[in-house]
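Student: query12.txt is reproduced in full below (compact mmCIF, C-alpha atoms).
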```txt
# COMPACT_ATOMS: atom_id res chain seq x y z
CA MET J 13 -150.25 169.90 -69.07
CA GLU J 14 -146.62 170.93 -68.68
CA GLU J 15 -145.22 172.40 -65.45
CA LYS J 16 -141.88 174.15 -65.36
CA LYS J 17 -139.80 173.76 -62.17
CA ILE J 18 -136.42 175.13 -61.28
CA SER J 19 -133.94 172.45 -60.20
CA ARG J 20 -132.71 173.29 -56.70
CA ARG J 21 -130.21 170.49 -56.71
CA SER J 22 -128.26 171.73 -59.74
CA PHE J 23 -128.24 175.27 -58.33
CA ILE J 24 -126.72 174.06 -55.05
CA GLN J 25 -124.16 171.92 -56.87
CA GLY J 26 -123.11 174.90 -58.96
CA MET J 27 -122.94 177.14 -55.91
CA ALA J 28 -120.75 174.67 -54.02
CA LEU J 29 -118.30 174.50 -56.89
CA GLY J 30 -118.39 178.29 -57.32
CA THR J 31 -117.74 178.91 -53.61
CA VAL J 32 -114.64 176.70 -53.56
CA ALA J 33 -113.38 178.15 -56.86
CA GLY J 34 -114.08 181.73 -55.76
CA TYR J 35 -112.32 181.26 -52.43
CA PHE J 36 -109.14 179.78 -53.86
CA ALA J 37 -109.07 182.15 -56.83
CA SER J 38 -109.23 185.11 -54.41
CA ALA J 39 -106.46 183.65 -52.28
CA GLY J 40 -104.30 182.99 -55.33
CA LEU J 41 -104.80 186.41 -56.87
CA SER J 42 -104.28 188.29 -53.63
CA SER J 43 -100.97 186.52 -52.95
CA THR J 44 -99.55 187.03 -56.45
CA VAL J 45 -101.00 189.63 -58.78
CA PHE J 46 -102.51 191.98 -56.20
CA LYS J 47 -99.52 191.69 -53.88
CA LYS J 48 -97.19 192.92 -56.60
CA ALA J 49 -99.57 195.58 -57.82
CA LEU J 50 -100.81 196.97 -54.54
CA LEU J 51 -98.06 196.57 -51.93
CA PRO J 52 -95.56 199.44 -51.76
CA LYS J 53 -91.96 198.60 -52.70
CA GLU J 54 -89.49 197.99 -49.86
CA LYS J 55 -87.72 201.23 -48.99
CA LEU J 56 -84.01 200.69 -48.50
CA ASN J 57 -82.00 203.21 -46.58
CA GLN J 58 -78.58 202.21 -47.86
CA VAL J 59 -75.26 203.70 -46.82
CA ASP J 60 -72.37 204.17 -49.24
CA ILE J 61 -69.32 202.91 -47.31
CA GLY J 62 -66.83 203.69 -50.10
CA GLU J 63 -64.36 201.29 -51.73
CA ILE J 64 -61.02 199.58 -51.20
CA LYS J 65 -58.72 198.22 -53.89
CA SER J 66 -58.08 194.74 -52.47
CA LEU J 67 -58.34 192.61 -49.38
CA LYS J 68 -56.28 189.83 -47.83
CA LEU J 69 -57.60 187.66 -45.03
CA LYS J 70 -55.41 185.30 -43.07
CA VAL J 71 -56.81 182.70 -40.70
CA VAL J 72 -54.49 182.92 -37.70
CA SER J 73 -56.48 180.47 -35.59
CA GLU J 74 -59.95 179.07 -36.15
CA THR J 75 -59.61 176.17 -33.68
CA SER J 76 -61.36 177.61 -30.64
CA TRP J 77 -61.07 174.39 -28.69
CA PHE J 78 -59.60 171.09 -29.68
CA ASP J 79 -62.10 168.56 -28.32
CA ASN J 80 -65.82 169.24 -28.65
CA LYS J 81 -66.75 166.60 -26.07
CA VAL J 82 -64.48 168.12 -23.41
CA PHE J 83 -65.84 171.61 -24.13
CA LEU J 84 -69.45 170.45 -23.90
CA LYS J 85 -68.72 168.53 -20.68
CA ASP J 86 -67.23 171.70 -19.13
CA VAL J 87 -70.38 173.62 -20.02
CA LYS J 88 -72.71 170.86 -18.85
CA ASP J 89 -70.90 170.39 -15.53
CA ALA J 90 -71.08 174.14 -14.91
CA GLY J 91 -74.86 174.19 -15.39
CA GLY J 92 -75.48 174.69 -19.10
CA LEU J 93 -75.11 177.14 -21.93
CA LEU J 94 -76.56 180.12 -20.06
CA VAL J 95 -73.95 180.10 -17.29
CA ASN J 96 -71.57 183.10 -17.07
CA GLN J 97 -68.42 182.22 -19.02
CA TYR J 98 -66.18 183.89 -16.39
CA THR J 99 -67.27 181.32 -13.78
CA ILE J 100 -66.75 178.05 -15.68
CA PRO J 101 -63.64 175.97 -14.83
CA TRP J 102 -62.52 175.26 -18.40
CA SER J 103 -60.32 172.20 -19.03
CA VAL J 104 -56.73 173.39 -19.27
CA GLU J 105 -54.92 170.13 -18.67
CA GLY J 106 -55.02 166.43 -19.50
CA VAL J 107 -56.77 166.83 -22.86
CA LYS J 108 -55.16 164.44 -25.36
CA ALA J 109 -56.29 166.31 -28.47
CA GLY J 110 -55.44 169.68 -26.92
CA TYR J 111 -52.46 172.03 -27.17
CA GLN J 112 -49.98 171.03 -24.45
CA GLY J 113 -52.86 169.26 -22.68
CA SER J 114 -55.15 172.29 -22.71
CA ASN J 115 -58.44 172.16 -24.58
CA LEU J 116 -58.36 175.90 -25.19
CA GLY J 117 -57.40 177.33 -28.57
CA GLY J 118 -58.92 180.51 -29.95
CA TYR J 119 -60.14 182.48 -32.93
CA SER J 120 -58.24 185.25 -34.67
CA THR J 121 -58.06 186.62 -38.21
CA TYR J 122 -55.51 189.03 -39.64
CA ILE J 123 -56.76 191.43 -42.31
CA GLU J 124 -54.94 193.66 -44.77
CA ALA J 125 -57.11 196.12 -46.66
CA THR J 126 -55.54 198.15 -49.46
CA PRO J 127 -57.33 201.47 -49.85
CA MET J 128 -57.78 203.25 -53.21
CA ASP J 129 -54.85 205.44 -52.18
CA GLY J 130 -52.54 205.48 -49.18
CA LYS J 131 -51.01 202.77 -47.05
CA VAL J 132 -52.39 199.33 -46.32
CA ILE J 133 -54.68 199.14 -43.30
CA LYS J 134 -53.75 196.25 -41.01
CA ILE J 135 -56.45 194.86 -38.76
CA HIS J 136 -56.23 192.34 -35.96
CA MET J 137 -59.61 190.68 -35.51
CA ASP J 138 -60.12 188.85 -32.20
CA THR J 139 -57.42 187.61 -29.89
CA GLY J 140 -58.29 183.97 -29.20
CA TRP J 141 -58.54 182.13 -25.89
CA ASN J 142 -55.44 180.24 -24.73
CA PRO J 143 -52.62 182.86 -24.52
CA GLU J 144 -49.89 180.22 -25.06
CA TRP J 145 -51.55 178.85 -28.19
CA MET J 146 -52.34 182.32 -29.51
CA GLU J 147 -48.82 183.60 -28.90
CA LYS J 148 -47.44 180.60 -30.79
CA ARG J 149 -49.79 181.29 -33.71
CA PHE J 150 -49.09 185.04 -33.62
CA ARG J 151 -45.36 184.32 -33.80
CA GLU J 152 -45.73 181.74 -36.59
CA GLU J 153 -47.79 184.10 -38.76
CA GLY J 154 -45.69 187.21 -38.08
CA ILE J 155 -48.52 188.91 -36.20
CA ALA J 156 -46.50 189.18 -32.96
CA GLU J 157 -43.78 191.11 -34.81
CA LYS J 158 -46.30 193.43 -36.44
CA LEU J 159 -47.95 194.05 -33.06
CA ALA J 160 -44.61 194.75 -31.38
CA LYS J 161 -43.70 197.24 -34.11
CA LYS J 162 -47.16 198.83 -33.82
CA GLU J 163 -47.68 198.18 -37.51
CA ILE J 164 -51.22 196.97 -36.88
CA ASP J 165 -53.70 199.85 -36.94
CA PHE J 166 -56.30 198.50 -34.55
CA MET J 167 -57.96 195.42 -33.10
CA VAL J 168 -61.63 194.57 -33.50
CA LEU J 169 -63.20 192.27 -30.95
CA SER J 170 -66.21 190.68 -32.65
CA HIS J 171 -67.79 189.74 -29.30
CA GLU J 172 -66.95 188.91 -25.70
CA HIS J 173 -66.85 185.12 -25.99
CA ILE J 174 -64.09 183.09 -24.37
CA ASP J 175 -62.52 181.95 -27.63
CA HIS J 176 -62.41 185.44 -29.17
CA PHE J 177 -61.47 187.54 -26.16
CA PHE J 178 -60.01 185.60 -23.19
CA GLY J 179 -56.57 185.44 -24.84
CA ILE J 180 -56.27 189.24 -24.64
CA GLU J 181 -52.82 189.13 -23.06
CA ALA J 182 -51.42 187.42 -26.17
CA THR J 183 -52.07 190.72 -27.94
CA THR J 184 -51.44 193.27 -25.17
CA LYS J 185 -48.13 191.59 -24.34
CA PHE J 186 -46.82 192.87 -27.69
CA TYR J 187 -48.90 196.03 -28.11
CA PRO J 188 -50.48 197.18 -24.82
CA ASP J 189 -51.94 200.40 -26.21
CA ILE J 190 -53.47 198.97 -29.37
CA PRO J 191 -56.76 200.78 -30.19
CA ILE J 192 -59.69 198.38 -29.77
CA TYR J 193 -63.22 198.45 -31.19
CA ILE J 194 -65.79 196.45 -29.23
CA PRO J 195 -69.54 196.03 -29.77
CA LYS J 196 -71.94 197.55 -27.24
CA GLY J 197 -72.90 194.93 -24.67
CA PHE J 198 -69.60 193.97 -23.03
CA TYR J 199 -70.12 193.06 -19.36
CA GLN J 200 -68.12 194.68 -16.56
CA GLU J 201 -65.97 191.52 -16.31
CA GLY J 202 -64.89 192.17 -19.91
CA TYR J 203 -63.73 195.71 -19.15
CA ASP J 204 -62.03 194.42 -15.98
CA LEU J 205 -60.17 191.72 -17.94
CA LEU J 206 -58.96 194.37 -20.38
CA LYS J 207 -57.63 196.36 -17.43
CA GLY J 208 -55.74 193.35 -16.04
CA LYS J 209 -58.13 191.56 -13.69
CA SER J 210 -57.85 187.77 -13.33
CA PHE J 211 -60.67 185.25 -13.15
CA PRO J 212 -58.89 182.23 -11.61
CA LYS J 213 -61.95 179.94 -11.63
CA ALA J 214 -62.14 180.22 -15.42
CA HIS J 215 -58.32 180.14 -15.76
CA VAL J 216 -58.33 183.61 -17.34
CA LYS J 217 -55.81 186.33 -16.66
CA ASN J 218 -54.37 189.40 -18.31
CA SER J 219 -50.85 190.13 -17.12
CA TYR J 220 -50.49 192.98 -19.62
CA PRO J 221 -53.30 195.49 -18.93
CA HIS J 222 -54.60 197.30 -21.97
CA LYS J 223 -53.64 200.97 -21.98
CA GLY J 224 -55.04 202.16 -25.29
CA LYS J 225 -58.34 203.58 -26.45
CA VAL J 226 -61.46 201.39 -26.41
CA THR J 227 -64.24 202.46 -28.76
CA VAL J 228 -67.70 201.01 -28.20
CA LEU J 229 -69.81 200.70 -31.35
CA ASP J 230 -73.59 200.39 -31.26
CA SER J 231 -76.21 199.13 -33.66
CA LYS J 232 -77.82 202.50 -34.38
CA LYS J 233 -75.85 203.02 -37.56
CA VAL J 234 -73.32 201.43 -39.92
CA ASN J 235 -69.92 202.30 -38.45
CA ILE J 236 -67.56 203.29 -41.26
CA LEU J 237 -63.95 203.04 -40.01
CA TYR J 238 -62.20 203.91 -43.31
CA PRO J 239 -63.56 204.27 -46.84
CA GLY J 240 -64.63 200.79 -47.89
CA ILE J 241 -64.32 199.33 -44.36
CA ALA J 242 -67.31 199.23 -42.03
CA LEU J 243 -68.59 197.40 -38.98
CA MET J 244 -72.17 196.50 -38.19
CA THR J 245 -73.21 195.76 -34.62
CA PHE J 246 -76.06 193.42 -33.75
CA ASP J 247 -77.86 193.50 -30.39
CA VAL J 248 -78.13 189.78 -29.82
CA PRO J 249 -78.10 187.74 -26.60
CA ILE J 250 -75.54 184.96 -26.93
CA ILE J 251 -74.89 181.73 -25.01
CA LEU J 252 -72.55 181.78 -21.96
CA ARG J 253 -74.04 185.15 -20.97
CA VAL J 254 -72.65 187.38 -23.69
CA PHE J 255 -74.45 190.22 -25.47
CA GLY J 256 -73.81 191.82 -28.84
CA GLU J 257 -71.65 190.98 -31.85
CA GLN J 258 -70.14 193.00 -34.66
CA ALA J 259 -68.92 191.97 -38.10
CA PHE J 260 -67.06 193.55 -40.99
CA ILE J 261 -68.24 194.73 -44.37
CA PHE J 262 -65.54 195.52 -46.94
CA ASN J 263 -66.40 196.89 -50.35
CA VAL J 264 -63.77 195.71 -52.85
CA LYS J 265 -63.75 197.60 -56.15
CA ASP J 266 -64.99 195.56 -59.14
CA LYS J 267 -65.74 192.58 -56.89
CA GLY J 268 -68.42 193.54 -54.40
CA LEU J 269 -68.95 193.25 -50.68
CA VAL J 270 -66.88 190.94 -48.51
CA LEU J 271 -68.37 190.05 -45.13
CA VAL J 272 -66.00 188.96 -42.36
CA THR J 273 -67.46 187.50 -39.20
CA GLY J 274 -66.25 186.28 -35.84
CA CYS J 275 -68.96 183.79 -34.93
CA CYS J 276 -72.07 185.28 -36.55
CA HIS J 277 -74.37 184.63 -33.59
CA MET J 278 -76.86 187.03 -35.18
CA GLY J 279 -77.40 184.33 -37.81
CA ILE J 280 -75.83 184.35 -41.24
CA ILE J 281 -79.10 185.09 -43.03
CA SER J 282 -79.95 187.94 -40.60
CA TYR J 283 -76.46 189.34 -41.23
CA MET J 284 -76.76 189.16 -45.01
CA GLU J 285 -80.28 190.59 -44.89
CA ALA J 286 -79.12 193.51 -42.72
CA VAL J 287 -76.31 194.15 -45.20
CA ARG J 288 -78.75 193.92 -48.13
CA LYS J 289 -80.98 196.55 -46.54
CA LYS J 290 -78.35 198.93 -45.20
CA ILE J 291 -75.29 198.83 -47.48
CA LYS J 292 -75.10 200.27 -50.97
CA GLY J 293 -73.86 197.70 -53.48
CA SER J 294 -75.27 194.79 -51.48
CA GLU J 295 -76.71 193.18 -54.60
CA LYS J 296 -73.17 191.80 -55.00
CA ILE J 297 -72.04 189.96 -51.86
CA TYR J 298 -68.84 188.57 -53.29
CA ALA J 299 -67.45 186.62 -50.35
CA ILE J 300 -67.98 185.64 -46.74
CA GLN J 301 -65.22 184.67 -44.37
CA GLY J 302 -65.24 183.49 -40.76
CA GLY J 303 -67.53 181.54 -38.47
CA LEU J 304 -71.10 181.10 -39.68
CA HIS J 305 -72.36 179.45 -36.50
CA ILE J 306 -74.49 176.73 -38.02
CA SER J 307 -73.27 173.42 -36.54
CA PRO J 308 -70.41 174.31 -34.14
CA PHE J 309 -70.90 171.06 -32.21
CA GLU J 310 -71.25 168.94 -35.36
CA ASP J 311 -74.93 168.24 -34.83
CA TRP J 312 -77.50 168.63 -37.58
CA ASP J 313 -81.09 169.77 -37.51
CA PRO J 314 -83.25 169.60 -40.68
CA GLN J 315 -83.96 173.32 -40.35
CA TYR J 316 -80.28 174.01 -41.14
CA ASP J 317 -80.96 172.64 -44.63
CA ASP J 318 -83.19 175.68 -45.17
CA LEU J 319 -80.26 177.93 -44.24
CA ILE J 320 -78.14 176.34 -46.93
CA LEU J 321 -80.94 176.68 -49.48
CA ALA J 322 -81.39 180.33 -48.51
CA PHE J 323 -77.68 180.92 -49.09
CA ASN J 324 -78.15 180.31 -52.82
CA LYS J 325 -80.31 183.43 -53.09
CA TYR J 326 -77.38 185.74 -52.38
CA GLY J 327 -75.09 184.47 -55.15
CA VAL J 328 -71.94 184.53 -53.00
CA HIS J 329 -68.82 183.70 -55.06
CA LYS J 330 -66.50 182.56 -52.27
CA ILE J 331 -67.34 181.11 -48.87
CA GLY J 332 -64.26 181.12 -46.66
CA ALA J 333 -66.13 179.59 -43.76
CA ASN J 334 -64.50 177.93 -40.76
CA HIS J 335 -64.53 177.88 -36.95
CA CYS J 336 -68.14 177.51 -35.66
CA THR J 337 -69.51 176.79 -39.14
CA GLY J 338 -68.97 173.09 -38.52
CA TYR J 339 -67.59 170.42 -40.83
CA ILE J 340 -71.07 168.97 -41.43
CA THR J 341 -72.26 172.35 -42.70
CA ALA J 342 -69.29 172.63 -45.04
CA GLU J 343 -70.04 169.16 -46.42
CA LYS J 344 -73.70 170.07 -46.98
CA MET J 345 -72.75 173.37 -48.61
CA ILE J 346 -70.38 171.67 -51.03
CA LYS J 347 -73.05 169.09 -51.82
CA ALA J 348 -75.49 171.94 -52.54
CA GLY J 349 -72.99 173.43 -55.00
CA LEU J 350 -71.94 176.39 -52.85
CA PRO J 351 -68.39 177.73 -53.42
CA VAL J 352 -66.70 176.73 -50.16
CA VAL J 353 -62.99 177.59 -50.30
CA LYS J 354 -60.80 174.63 -49.36
CA GLY J 355 -57.99 174.83 -46.82
CA THR J 356 -54.80 172.91 -46.18
CA ALA J 357 -55.46 171.26 -42.77
CA ARG J 358 -52.29 172.55 -41.09
CA ASN J 359 -51.46 173.91 -37.63
CA MET J 360 -53.95 171.68 -35.78
CA THR J 361 -56.88 172.33 -38.11
CA LYS J 362 -58.25 168.82 -38.57
CA ARG J 363 -59.69 168.88 -42.11
CA ASP J 364 -59.06 170.66 -45.39
CA ILE J 365 -62.76 170.99 -46.20
CA TYR J 366 -62.63 174.69 -45.30
CA LEU J 367 -60.05 177.42 -44.56
CA GLY J 368 -57.93 176.47 -41.57
CA ASN J 369 -55.09 177.83 -39.47
CA GLY J 370 -52.56 179.61 -41.67
CA ASP J 371 -54.76 179.64 -44.80
CA GLU J 372 -55.41 182.81 -46.77
CA LEU J 373 -58.19 184.29 -48.85
CA ALA J 374 -57.18 187.10 -51.17
CA ILE J 375 -59.69 189.29 -52.98
CA ALA J 376 -58.35 191.65 -55.62
CA MET U 16 -157.44 163.06 -66.80
CA GLU U 17 -154.56 165.04 -68.26
CA GLU U 18 -151.06 163.85 -67.48
CA LYS U 19 -148.91 166.37 -65.71
CA VAL U 20 -145.40 166.78 -67.14
CA VAL U 21 -142.84 168.39 -64.84
CA GLN U 22 -139.90 169.90 -66.63
CA GLU U 23 -136.99 170.89 -64.47
CA THR U 24 -134.91 173.89 -65.57
CA SER U 25 -131.26 173.68 -64.60
CA ARG U 26 -129.77 176.70 -62.80
CA TYR U 27 -126.28 175.22 -62.48
CA GLY U 28 -124.58 178.26 -64.10
CA VAL U 29 -126.39 180.72 -61.84
CA GLY U 30 -125.33 178.58 -58.88
CA VAL U 31 -121.68 178.80 -59.95
CA VAL U 32 -121.82 182.59 -60.25
CA VAL U 33 -123.51 182.99 -56.88
CA GLY U 34 -120.99 180.53 -55.41
CA ILE U 35 -118.02 182.51 -56.72
CA LEU U 36 -119.40 185.66 -55.11
CA ILE U 37 -119.89 183.79 -51.83
CA GLY U 38 -116.35 182.37 -52.12
CA ILE U 39 -114.83 185.82 -52.61
CA ALA U 40 -116.84 187.17 -49.68
CA LEU U 41 -115.76 184.25 -47.48
CA PHE U 42 -112.11 184.81 -48.40
CA MET U 43 -112.36 188.51 -47.60
CA ILE U 44 -113.93 187.75 -44.22
CA THR U 45 -111.27 185.17 -43.27
CA TYR U 46 -108.50 187.48 -44.52
CA TRP U 47 -109.88 190.32 -42.43
CA LEU U 48 -110.20 188.07 -39.38
CA LEU U 49 -106.60 186.93 -39.84
CA LEU U 50 -105.47 190.54 -40.06
CA LEU U 51 -107.34 191.31 -36.84
CA ALA U 52 -105.74 188.32 -35.12
CA ARG U 53 -102.20 189.44 -35.92
```
Is it possible to express this structure as structure tokens?

Tutor:
Amino acid sequence: MEEKKISRRSFIQGMALGTVAGYFASAGLSSTVFKKALLPKEKLNQVDIGEIKSLKLKVVSETSWFDNKVFLKDVKDAGGLLVNQYTIPWSVEGVKAGYQGSNLGGYSTYIEATPMDGKVIKIHMDTGWNPEWMEKRFREEGIAEKLAKKEIDFMVLSHEHIDHFFGIEATTKFYPDIPIYIPKGFYQEGYDLLKGKSFPKAHVKNSYPHKGKVTVLDSKKVNILYPGIALMTFDVPIILRVFGEQAFIFNVKDKGLVLVTGCCHMGIISYMEAVRKKIKGSEKIYAIQGGLHISPFEDWDPQYDDLILAFNKYGVHKIGANHCTGYITAEKMIKAGLPVVKGTARNMTKRDIYLGNGDELAIA
Amino acid sequence: MEEKVVQETSRYGVGVVVGILIGIALFMITYWLLLLAR
């Protein structure tokens, strides 16, 4: 007699294999094929900012302070990175590596944008920290003369930080009624300093009160100043009790977009992503210039490697980084094959690995 | 006495098909739970 019996063991074995295969196949398909087929395409609400013919960027000063250790000690002694910058007694004497003993330097960039027609637009971006150092640099680069003759159209303050703003009198001394664009988020102390108030504890003063127009720009829209020249504001909290930063977007004909930053506290990837989403022509980010805020204190965290990898995605042709980018970052970028523009290591910039004081980046 | 012969029929293939269906269902449940947890 023959009895037929179904094998339970083989059924369970098959089912186990099928369950695992089914689970992973579903996961795989849903994350690739279905995602592409079913998810709606990203809607971009891009603004056409217009075009300029060419652009010239001059690094007036990218050396915000001359000795990192002294700067960090000042911050630490005051209570840390969240302390109000107007209350910190910054080291202004006895610093060997400093300018005339002071650790304070500053950040400032001079920009000339040639429109498609009409006269060149001259922009003064940021005014540094130490008025003596900044005045010296302004004189050496011919900025002081241009300010005195009111040849410069306006000043943009990228943010309220010490090294971008506290040297205000170095600008107002030559051109007290210069029009200024600031990002929304300046504290009352900032407005007071513009008007001539001193903050003796922080060794900050403004002996030449600003008398011109101050325009506050917010993050609600892309702020087009002239055709091909725009500013984007980012609502970001920043160390030393500062809020908000703005950065430039220039659209150079036949080249693409050129992004010019002060410190880029919003994060370089966030900045480029915001530009990608909001600016027409952002598939071609041709160049970036200014501080990228990756390793300002020359430390390195493995997560910064991801930033450098992410940079590759944007296909930037020229990286005129400096200031708070950090030398380590520049080294890593060069190693990763990114097009970092070299400088000349003059005027107290220590290394030629990136654009330093007095160096230029021309885009035409 | 007649000898009894037991012949086992394999249902491995059926098991695989049932398993795949269970796998898909499990994935959908976990996906849905993850969506709820967001």

Student: May I have a table of the residues of chain J lying at most 9 Å from chain U, giving each one's closest pair of atoms and their distance in Å to one decimal, counting all atoms listed in the file, ordered by chain and ascending residue number, as a Markdown table?

Tutor:
```
| residue | atom | partner | partner_atom | distance |
| --- | --- | --- | --- | --- |
| J:Met13 | CA | U:Lys19 | CA | 5.1 |
| J:Glu14 | CA | U:Val20 | CA | 4.6 |
| J:Glu15 | CA | U:Val21 | CA | 4.7 |
| J:Lys16 | CA | U:Gln22 | CA | 4.9 |
| J:Lys17 | CA | U:Glu23 | CA | 4.6 |
| J:Ile18 | CA | U:Thr24 | CA | 4.7 |
| J:Ser19 | CA | U:Ser25 | CA | 5.3 |
| J:Arg20 | CA | U:Arg26 | CA | 7.6 |
| J:Arg21 | CA | U:Tyr27 | CA | 8.4 |
| J:Ser22 | CA | U:Tyr27 | CA | 4.9 |
| J:Phe23 | CA | U:Gly30 | CA | 4.4 |
| J:Ile24 | CA | U:Gly30 | CA | 6.1 |
| J:Gln25 | CA | U:Tyr27 | CA | 6.8 |
| J:Gly26 | CA | U:Val31 | CA | 4.3 |
| J:Met27 | CA | U:Gly34 | CA | 3.9 |
| J:Ala28 | CA | U:Gly34 | CA | 6.0 |
| J:Leu29 | CA | U:Val31 | CA | 6.3 |
| J:Gly30 | CA | U:Gly34 | CA | 3.9 |
| J:Thr31 | CA | U:Gly38 | CA | 4.0 |
| J:Val32 | CA | U:Gly38 | CA | 6.1 |
| J:Ala33 | CA | U:Ile35 | CA | 6.4 |
| J:Gly34 | CA | U:Ile35 | CA | 4.1 |
| J:Tyr35 | CA | U:Gly38 | CA | 4.2 |
| J:Phe36 | CA | U:Gly38 | CA | 7.9 |
| J:Ala37 | CA | U:Ile39 | CA | 8.0 |
| J:Ser38 | CA | U:Ile39 | CA | 5.9 |
| J:Ala39 | CA | U:Phe42 | CA | 7.0 |
```

Student: Measuring between all atoms listed in the file, which one of J:Val353, J:Cys276, J:Leu41, J:Met167 shows the shortest distance to Val248 (chain J)?

Tutor: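 Ranking J:Val353, J:Cys276, J:Leu41, J:Met167 by distance to Val248 (chain J), first place goes to J:Cys276.
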
Student: For a quick check of understanding, using all atoms listed in the file, which of J:Pro127, J:Gly338, J:Pro239, J:Gly91 has the smallest distance to Glu74 (chain J)?

Tutor: J:Gly338

Student: Rounded to one decimal place, report the CA of Ala376 (chain J)-CA of Val234 (chain J) distance in Å.

Tutor: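 One can read the CA of Ala376 (chain J) to CA of Val234 (chain J) distance as 23.8 Å.
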